[in-house]
$ cat input_13.pdb   # PDB, C-alpha atoms and all ligand atoms
ATOM      1  CA  MET A   1      39.642-147.107 -62.756  1.00  0.00           C
ATOM      2  CA  PRO A   2      42.209-146.629 -59.975  1.00  0.00           C
ATOM      3  CA  SER A   3      42.164-148.755 -56.810  1.00  0.00           C
ATOM      4  CA  LEU A   4      40.263-147.219 -53.902  1.00  0.00           C
ATOM      5  CA  CYS A   5      43.547-146.261 -52.192  1.00  0.00           C
ATOM      6  CA  ASN A   6      44.829-144.537 -55.323  1.00  0.00           C
ATOM      7  CA  ALA A   7      41.482-142.790 -55.820  1.00  0.00           C
ATOM      8  CA  LYS A   8      41.680-141.499 -52.226  1.00  0.00           C
ATOM      9  CA  ARG A   9      45.215-140.378 -52.937  1.00  0.00           C
ATOM     10  CA  GLU A  10      44.134-138.407 -56.017  1.00  0.00           C
ATOM     11  CA  CYS A  11      41.255-136.884 -54.091  1.00  0.00           C
ATOM     12  CA  LEU A  12      43.636-135.748 -51.325  1.00  0.00           C
ATOM     13  CA  GLU A  13      46.284-134.489 -53.732  1.00  0.00           C
ATOM     14  CA  LYS A  14      43.672-132.391 -55.485  1.00  0.00           C
ATOM     15  CA  GLN A  15      42.410-130.890 -52.237  1.00  0.00           C
ATOM     16  CA  LEU A  16      45.893-130.253 -50.818  1.00  0.00           C
ATOM     17  CA  GLY A  17      47.369-129.087 -54.131  1.00  0.00           C
ATOM     18  CA  LEU A  18      50.404-131.380 -53.888  1.00  0.00           C
ATOM     19  CA  LYS A  19      51.778-134.754 -54.976  1.00  0.00           C
ATOM     20  CA  PHE A  20      52.591-137.278 -52.253  1.00  0.00           C
ATOM     21  CA  GLU A  21      56.117-138.682 -52.179  1.00  0.00           C
ATOM     22  CA  LYS A  22      56.896-142.383 -51.870  1.00  0.00           C
ATOM     23  CA  GLY A  23      56.935-143.648 -48.284  1.00  0.00           C
ATOM     24  CA  VAL A  24      54.784-142.546 -45.374  1.00  0.00           C
ATOM     25  CA  THR A  25      53.410-139.011 -45.268  1.00  0.00           C
ATOM     26  CA  LYS A  26      51.318-137.347 -42.592  1.00  0.00           C
ATOM     27  CA  PHE A  27      48.955-134.642 -43.760  1.00  0.00           C
ATOM     28  CA  VAL A  28      46.179-132.363 -42.571  1.00  0.00           C
ATOM     29  CA  ALA A  29      43.223-132.130 -44.937  1.00  0.00           C
ATOM     30  CA  LYS A  30      39.733-130.800 -44.350  1.00  0.00           C
ATOM     31  CA  CYS A  31      36.141-131.900 -44.587  1.00  0.00           C
ATOM     32  CA  GLU A  32      35.002-130.784 -48.036  1.00  0.00           C
ATOM     33  CA  PHE A  33      31.632-129.755 -46.641  1.00  0.00           C
ATOM     34  CA  CYS A  34      32.183-128.025 -43.276  1.00  0.00           C
ATOM     35  CA  GLY A  35      35.914-127.421 -43.439  1.00  0.00           C
ATOM     36  CA  LYS A  36      36.750-129.297 -40.226  1.00  0.00           C
ATOM     37  CA  LYS A  37      40.377-130.399 -39.944  1.00  0.00           C
ATOM     38  CA  ILE A  38      40.966-134.058 -40.878  1.00  0.00           C
ATOM     39  CA  GLU A  39      44.360-135.565 -40.103  1.00  0.00           C
ATOM     40  CA  GLY A  40      45.680-138.560 -41.949  1.00  0.00           C
ATOM     41  CA  THR A  41      48.554-140.744 -43.074  1.00  0.00           C
ATOM     42  CA  ILE A  42      49.255-142.176 -46.507  1.00  0.00           C
ATOM     43  CA  ARG A  43      51.661-144.944 -47.545  1.00  0.00           C
ATOM     44  CA  ILE A  44      52.985-145.038 -51.074  1.00  0.00           C
ATOM     45  CA  SER A  45      55.062-147.935 -52.380  1.00  0.00           C
ATOM     46  CA  LYS A  46      58.305-147.608 -54.294  1.00  0.00           C
ATOM     47  CA  TYR A  47      56.263-148.324 -57.436  1.00  0.00           C
ATOM     48  CA  ASN A  48      54.281-145.168 -56.666  1.00  0.00           C
ATOM     49  CA  ASN A  49      51.194-147.116 -55.646  1.00  0.00           C
ATOM     50  CA  ALA A  50      49.163-145.903 -52.671  1.00  0.00           C
ATOM     51  CA  TRP A  51      48.377-148.933 -50.526  1.00  0.00           C
ATOM     52  CA  GLN A  52      47.224-147.463 -47.223  1.00  0.00           C
ATOM     53  CA  VAL A  53      45.259-144.301 -46.505  1.00  0.00           C
ATOM     54  CA  ASN A  54      44.144-143.564 -42.955  1.00  0.00           C
ATOM     55  CA  VAL A  55      42.077-140.481 -42.229  1.00  0.00           C
ATOM     56  CA  ASN A  56      40.198-139.150 -39.256  1.00  0.00           C
ATOM     57  CA  GLY A  57      37.125-138.905 -41.470  1.00  0.00           C
ATOM     58  CA  GLN A  58      35.509-140.842 -44.348  1.00  0.00           C
ATOM     59  CA  PHE A  59      35.504-140.821 -48.137  1.00  0.00           C
ATOM     60  CA  HIS A  60      31.963-140.593 -49.450  1.00  0.00           C
ATOM     61  CA  HIS A  61      30.975-141.986 -52.866  1.00  0.00           C
ATOM     62  CA  LEU A  62      28.815-139.257 -54.411  1.00  0.00           C
ATOM     63  CA  ASP A  63      26.787-141.624 -56.613  1.00  0.00           C
ATOM     64  CA  GLY A  64      26.335-144.171 -53.808  1.00  0.00           C
ATOM     65  CA  ASN A  65      28.212-146.810 -55.823  1.00  0.00           C
ATOM     66  CA  HIS A  66      31.148-148.090 -53.778  1.00  0.00           C
ATOM     67  CA  ASP A  67      32.646-149.733 -56.872  1.00  0.00           C
ATOM     68  CA  ASN A  68      32.956-146.392 -58.652  1.00  0.00           C
ATOM     69  CA  ASN A  69      36.446-145.364 -57.625  1.00  0.00           C
ATOM     70  CA  ASP A  70      36.667-142.465 -60.037  1.00  0.00           C
ATOM     71  CA  PRO A  71      38.420-139.801 -57.900  1.00  0.00           C
ATOM     72  CA  GLU A  72      35.687-137.367 -59.023  1.00  0.00           C
ATOM     73  CA  ASN A  73      33.178-139.627 -57.283  1.00  0.00           C
ATOM     74  CA  LEU A  74      34.914-139.294 -53.899  1.00  0.00           C
ATOM     75  CA  VAL A  75      34.661-136.527 -51.330  1.00  0.00           C
ATOM     76  CA  LEU A  76      36.456-136.416 -48.007  1.00  0.00           C
ATOM     77  CA  LEU A  77      34.027-135.690 -45.195  1.00  0.00           C
ATOM     78  CA  CYS A  78      34.185-135.539 -41.401  1.00  0.00           C
ATOM     79  CA  TYR A  79      32.107-138.187 -39.608  1.00  0.00           C
ATOM     80  CA  THR A  80      29.291-135.748 -38.846  1.00  0.00           C
ATOM     81  CA  CYS A  81      28.913-134.462 -42.410  1.00  0.00           C
ATOM     82  CA  HIS A  82      29.081-137.997 -43.803  1.00  0.00           C
ATOM     83  CA  LYS A  83      26.281-139.107 -41.483  1.00  0.00           C
ATOM     84  CA  ARG A  84      24.236-136.017 -42.427  1.00  0.00           C
ATOM     85  CA  PHE A  85      24.688-136.656 -46.186  1.00  0.00           C
ATOM     86  CA  HIS A  86      23.149-140.085 -45.744  1.00  0.00           C
ATOM     87  CA  GLN A  87      20.385-138.714 -43.494  1.00  0.00           C
ATOM     88  CA  TRP A  88      19.704-136.097 -46.169  1.00  0.00           C
ATOM     89  CA  GLY A  89      19.272-138.952 -48.635  1.00  0.00           C
ATOM     90  CA  VAL A  90      16.590-140.392 -46.353  1.00  0.00           C
ATOM     91  CA  ILE A  91      14.833-136.998 -46.184  1.00  0.00           C
ATOM     92  CA  GLN A  92      15.024-136.563 -49.971  1.00  0.00           C
ATOM     93  CA  ARG A  93      13.508-139.999 -50.622  1.00  0.00           C
ATOM     94  CA  TRP A  94      10.775-139.236 -48.077  1.00  0.00           C
ATOM     95  CA  LEU A  95       9.975-135.879 -49.736  1.00  0.00           C
ATOM     96  CA  LYS A  96       9.806-137.566 -53.125  1.00  0.00           C
ATOM     97  CA  LYS A  97       7.459-140.221 -51.776  1.00  0.00           C
ATOM     98  CA  CYS A  98       5.195-137.490 -50.328  1.00  0.00           C
ATOM     99  CA  GLY A  99       5.332-135.497 -53.564  1.00  0.00           C
ATOM    100  CA  LYS A 100       6.893-132.541 -51.717  1.00  0.00           C
ATOM    101  CA  THR A 101      10.028-130.479 -51.991  1.00  0.00           C
ATOM    102  CA  VAL A 102      12.304-128.998 -49.360  1.00  0.00           C
ATOM    103  CA  ASP A 103      10.403-125.690 -49.795  1.00  0.00           C
ATOM    104  CA  ASP A 104       7.267-127.337 -48.405  1.00  0.00           C
ATOM    105  CA  LEU A 105       8.927-127.938 -45.053  1.00  0.00           C
ATOM    106  CA  PRO A 106       8.370-125.472 -42.199  1.00  0.00           C
ATOM    107  CA  ASP A 107      11.343-124.046 -40.318  1.00  0.00           C
ATOM    108  CA  CYS A 108      12.226-126.808 -37.857  1.00  0.00           C
ATOM    109  CA  SER A 109      15.600-125.422 -36.789  1.00  0.00           C
ATOM    110  CA  SER A 110      14.547-124.972 -33.164  1.00  0.00           C
ATOM    111  CA  LEU A 111      13.062-128.463 -32.815  1.00  0.00           C
ATOM    112  CA  LYS A 112      14.733-131.176 -30.813  1.00  0.00           C
ATOM    113  CA  VAL A 113      14.691-134.874 -31.572  1.00  0.00           C
ATOM    114  CA  TYR A 114      12.680-137.004 -29.166  1.00  0.00           C
ATOM    115  CA  PHE A 115      12.956-140.740 -29.335  1.00  0.00           C
ATOM    116  CA  ASN A 116       9.770-141.562 -27.457  1.00  0.00           C
ATOM    117  CA  GLY A 117       7.165-139.073 -28.580  1.00  0.00           C
ATOM    118  CA  TYR A 118       6.762-135.753 -30.330  1.00  0.00           C
TER     119      TYR A 118
HETATM  120 ZN    ZN A 201      32.254-131.881 -42.051  1.00  0.00          ZN
HETATM  121 ZN    ZN A 202      28.743-142.040 -47.962  1.00  0.00          ZN
END
$ encode --input "input_13.pdb" --output "structure tokens"
Amino acid sequence: MPSLCNAKRECLEKQLGLKFEKGVTKFVAKCEFCGKKIEGTIRISKYNNAWQVNVNGQFHHLDGNHDNNDPENLVLLCYTCHKRFHQWGVIQRWLKKCGKTVDDLPDCSSLKVYFNGY
């Protein structure tokens, strides 16, 4: 299993279709869900080891296990999509608890969120 930094590196290299050189490289990637531009910087040691990855977004662990640094388990997301993925998890668990599926929900796309009432 690669280190988290090296897993992030592999994830980025796959998306960008390139191999990072040793040293510091700036790059522009994208959110793998909505396509929003995500800028970042990566530092790779002379031993070809990624030791710092900074991105204007977040790497999400698909299986929810933060110890699973398989590059296939990581997706680069913008902050909004990452938040929504986790909110979607809450909705899915709620549906399961109610014995419903997403098809049982009415169209709520015009509804607003109120914090002190309905
Ligand atoms: Zn996004
Ligand atoms: Zn996540």
$ residues_near_ligand --input "input_13.pdb" --ligand "ligand ZN 201 (chain A)" --cutoff "7 Å" --atoms "only C-alpha atoms and all ligand atoms" --output "list in words"
Cys31, Glu32, Phe33, Cys34, Gly35, Lys36, Leu77, Cys78, Tyr79, Thr80 and Cys81 of chain A
$ residues_near_ligand --input "input_13.pdb" --ligand "ligand ZN 202 (chain A)" --cutoff "12 Å" --atoms "only C-alpha atoms and all ligand atoms" --output "PyMOL selection string"
chain A and resi 57-66+73-89
$ closest_residue --input "input_13.pdb" --among "A:Val102, A:Leu111, A:Leu95, A:Cys11" --to "Val53 of chain A" --atoms "all atoms listed in the file"
A:Cys11
$ atom_distance --input "input_13.pdb" --atom1 "atom CA of Met1 of chain A" --atom2 "atom CA of Lys19 of chain A"
19.0 Å
$ atom_distance --input "input_13.pdb" --atom1 "atom CA of Lys22 of chain A" --atom2 "atom CA of Asp70 of chain A"
21.8 Å
$ resolve_selection --input "input_13.pdb" --expression "the PyMOL selection byres (((chain A and resi 7) around 10) and not hetatm)" --output "list in words"
Met1, Pro2, Ser3, Leu4, Cys5, Asn6, Lys8, Arg9, Glu10, Cys11, Leu12, Glu13, Ala50, Phe59, Asn68, Asn69, Asp70, Pro71, Glu72, Asn73 and Leu74 of chain A
$ closest_residue --input "input_13.pdb" --among "A:Val90, A:Ala29, A:Val55, A:Leu105" --to "Arg43 of chain A" --atoms "all atoms listed in the file"
A:Val55
$ axis_aligned_box --input "input_13.pdb" --around "segment 106-117 of chain A" --padding-each-side "6 Å" --output "AutoDock Vina command-line options"
--center_x 11.4 --center_y -132.8 --center_z -34.8 --size_x 20.4 --size_y 29.5 --size_z 26.7
$ resolve_selection --input "input_13.pdb" --expression "the PyMOL selection byres (((chain A and resi 40) around 6) and not hetatm)" --output "PyMOL selection string"
chain A and resi 26-27+39+41+54-55
$ atom_distance --input "input_13.pdb" --atom1 "atom CA of Thr25 of chain A" --atom2 "atom CA of Lys37 of chain A"
16.5 Å
$ closest_residue --input "input_13.pdb" --among "A:Leu18, A:Cys108, A:Val24, A:Ile38" --to "Gln52 of chain A" --atoms "all atoms listed in the file"
A:Val24
$ closest_residue --input "input_13.pdb" --among "A:Lys30, A:Phe20, A:Asp67, A:Lys97" --to "Lys46 of chain A" --atoms "all atoms listed in the file"
A:Phe20
